[in-house]
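Input: a single structure, listed below in structure tokens.
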Amino acid sequence: MDQLVQWRSQPEAQQNQPISALNRDQLLRFIEQRKSSDPAGLEDSEYILIIEDEDNGEGVGWLTLEITSRLHGLARIGYTIDRERWGQGYATAAVEAIVHWLFTDTVIQRVEADCSIDNPASKRVLEKCGFEQVGIKHSYLVIHGKRVDHYYFERLRENDTGA
Ligand SMILES: CC(C)(COP(=O)(O)OP(=O)(O)OC[C@H]1O[C@@H](n2cnc3c(N)ncnc32)[C@H](O)[C@@H]1OP(=O)(O)O)[C@@H](O)C(=O)NCCC(=O)NCCS
């Protein structure tokens, strides 16, 4: 929890996505409000998953998984890596792993992700993970008080040779 508080407070984590620093109590409340009664059942809910280095188990960042409609098999992802550990393939590996799991072991058919047009590293992660850019959401999210255009990406289970 303390690590998540610290990662969220990094200026680089906040640069291209609409998140703010939360103290421990605020973060606990934030998580509590989103808590699903049955995480394994993948209810329509938002999950915060800690990304760990598979060699030493150290936390390196977090991934948000939002099940936007279990009925229609829709999910949305977002991810942030500790500033000290950028460029080592963590985000790519985490996104690959979550999509593989969603398409192999759950009812999810379509995963969506958006990234700011000012965030080439995030765009590259999605491209490396086989996401297709299908459009631009103009004036989409408010980041530091300004509305920012975002690339809109999707990956479909039906196009997935590995699933
Ligand atoms: C975006 C982010 C998650 C990437 O994490 P990461 O673990 O460094 O990503 P990876 O190492 O898996 O891959 C990064 C890729 O982007 C590329 N990249 C990095 N900066 C780049 C830039 N300025 N322009 C173009 N490509 C860039 C890297 O070279 C790498 O691609 P490659 O493997 O082809 O060389 C990380 O920068 C981050 O946490 N940023 C702050 C939070 C954020 O913006 N999250 C995304 C919200 S949509």
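By order of appearance in the structure tokens: chains A, B, ..., then residues from 1 within every chain, and ligands from 1 in the order shown.
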Pick out the residues sitting within 8 Å of region 61-68 of chain A, and hand them over as a list in words; count only C-alpha atoms, and ignore anything fewer than 6 positions along from it in its own chain.
-> Leu4, Trp7, Leu42, Glu43, Asp44, Ser45, Glu46, Tyr47, Ile48, Leu49, Ile50, Ile51, Glu52, Leu74, Ala75, Arg76, Ile77, Gly78, Tyr79, Thr80, Ile81, Asp82 and Ala94 of chain A
Output as a PyMOL selection string all residues of region 14-102 of chain A that backbone DSSP marks as strand (DSSP E or B).
-> chain A and resi 46-52+59-69+74-81
Per residue of chain A within 8 Å of ligand 1, note the shortest atom pair and the distance in Å to one decimal, counting only C-alpha atoms and all ligand atoms, and order the rows by chain and increasing residue number, as a Markdown table.
| residue | atom | partner | partner_atom_place_in_ligand_line | distance |
| --- | --- | --- | --- | --- |
| A:Glu12 | CA | ligand 1 | 41 (C) | 5.4 |
| A:Ala13 | CA | ligand 1 | 41 (C) | 4.0 |
| A:Gln14 | CA | ligand 1 | 42 (C) | 6.5 |
| A:Gln15 | CA | ligand 1 | 44 (O) | 6.6 |
| A:Asn16 | CA | ligand 1 | 44 (O) | 4.9 |
| A:Gln17 | CA | ligand 1 | 47 (C) | 5.4 |
| A:Gly61 | CA | ligand 1 | 39 (O) | 7.5 |
| A:Gly78 | CA | ligand 1 | 48 (S) | 5.7 |
| A:Tyr79 | CA | ligand 1 | 45 (N) | 5.1 |
| A:Thr80 | CA | ligand 1 | 39 (O) | 3.5 |
| A:Ile81 | CA | ligand 1 | 39 (O) | 3.7 |
| A:Asp82 | CA | ligand 1 | 39 (O) | 6.1 |
| A:Arg83 | CA | ligand 1 | 39 (O) | 6.4 |
| A:Arg85 | CA | ligand 1 | 7 (O) | 6.6 |
| A:Trp86 | CA | ligand 1 | 8 (O) | 3.3 |
| A:Gly87 | CA | ligand 1 | 11 (O) | 3.5 |
| A:Gln88 | CA | ligand 1 | 11 (O) | 4.3 |
| A:Gly89 | CA | ligand 1 | 12 (O) | 3.2 |
| A:Tyr90 | CA | ligand 1 | 7 (O) | 4.0 |
| A:Ala91 | CA | ligand 1 | 7 (O) | 3.9 |
| A:Thr92 | CA | ligand 1 | 12 (O) | 3.7 |
| A:Ala93 | CA | ligand 1 | 12 (O) | 6.4 |
| A:Ala113 | CA | ligand 1 | 48 (S) | 7.3 |
| A:Asp114 | CA | ligand 1 | 48 (S) | 5.8 |
| A:Cys115 | CA | ligand 1 | 48 (S) | 3.9 |
| A:Ser116 | CA | ligand 1 | 48 (S) | 6.3 |
| A:Asn119 | CA | ligand 1 | 44 (O) | 6.3 |
| A:Pro120 | CA | ligand 1 | 24 (N) | 4.5 |
| A:Ala121 | CA | ligand 1 | 16 (O) | 3.6 |
| A:Ser122 | CA | ligand 1 | 1 (C) | 3.8 |
| A:Lys123 | CA | ligand 1 | 16 (O) | 7.3 |
| A:Arg124 | CA | ligand 1 | 16 (O) | 4.8 |
| A:Val125 | CA | ligand 1 | 13 (O) | 5.0 |
| A:Lys128 | CA | ligand 1 | 34 (O) | 7.0 |
For Ile117 (chain A): contacts at 7 Å, only C-alpha atoms, fewer than 3 positions along chain excluded, given as an NGL selection string = :A and (149-151)
CA of Glu158 (chain A) to CA of Asp105 (chain A), straight-line distance in Å =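 These atoms are spaced 14.5 Å apart.
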Name the residues in contact with Asn23 (chain A) at a cut-off of 12 Å, using only C-alpha atoms, excluding same-chain residues fewer than 6 positions from it; report them as a PyMOL selection string.
-> chain A and resi 1-9+29-30
Requested write-out: C-alpha atoms of the selected residues, as a compact mmCIF listing (two decimals), in the first residue's frame:
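Heads up, here's the output in part-v8.txt:
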# COMPACT_ATOMS: atom_id res chain seq x y z
CA MET A 1 0.00 0.00 0.00
CA ASP A 2 2.77 2.44 0.92
CA GLN A 3 4.55 1.65 -2.34
CA LEU A 4 1.38 2.33 -4.32
CA VAL A 5 1.00 5.66 -2.50
CA GLN A 6 4.60 6.52 -3.41
CA TRP A 7 4.29 5.45 -7.08
CA ARG A 8 1.07 7.43 -7.51
CA SER A 9 2.77 10.54 -6.14
CA ARG A 29 -11.05 4.51 0.63
CA PHE A 30 -10.55 4.67 -3.14
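CA of Glu84 (chain A) is found 26.9 Å from CA of Lys146 (chain A).
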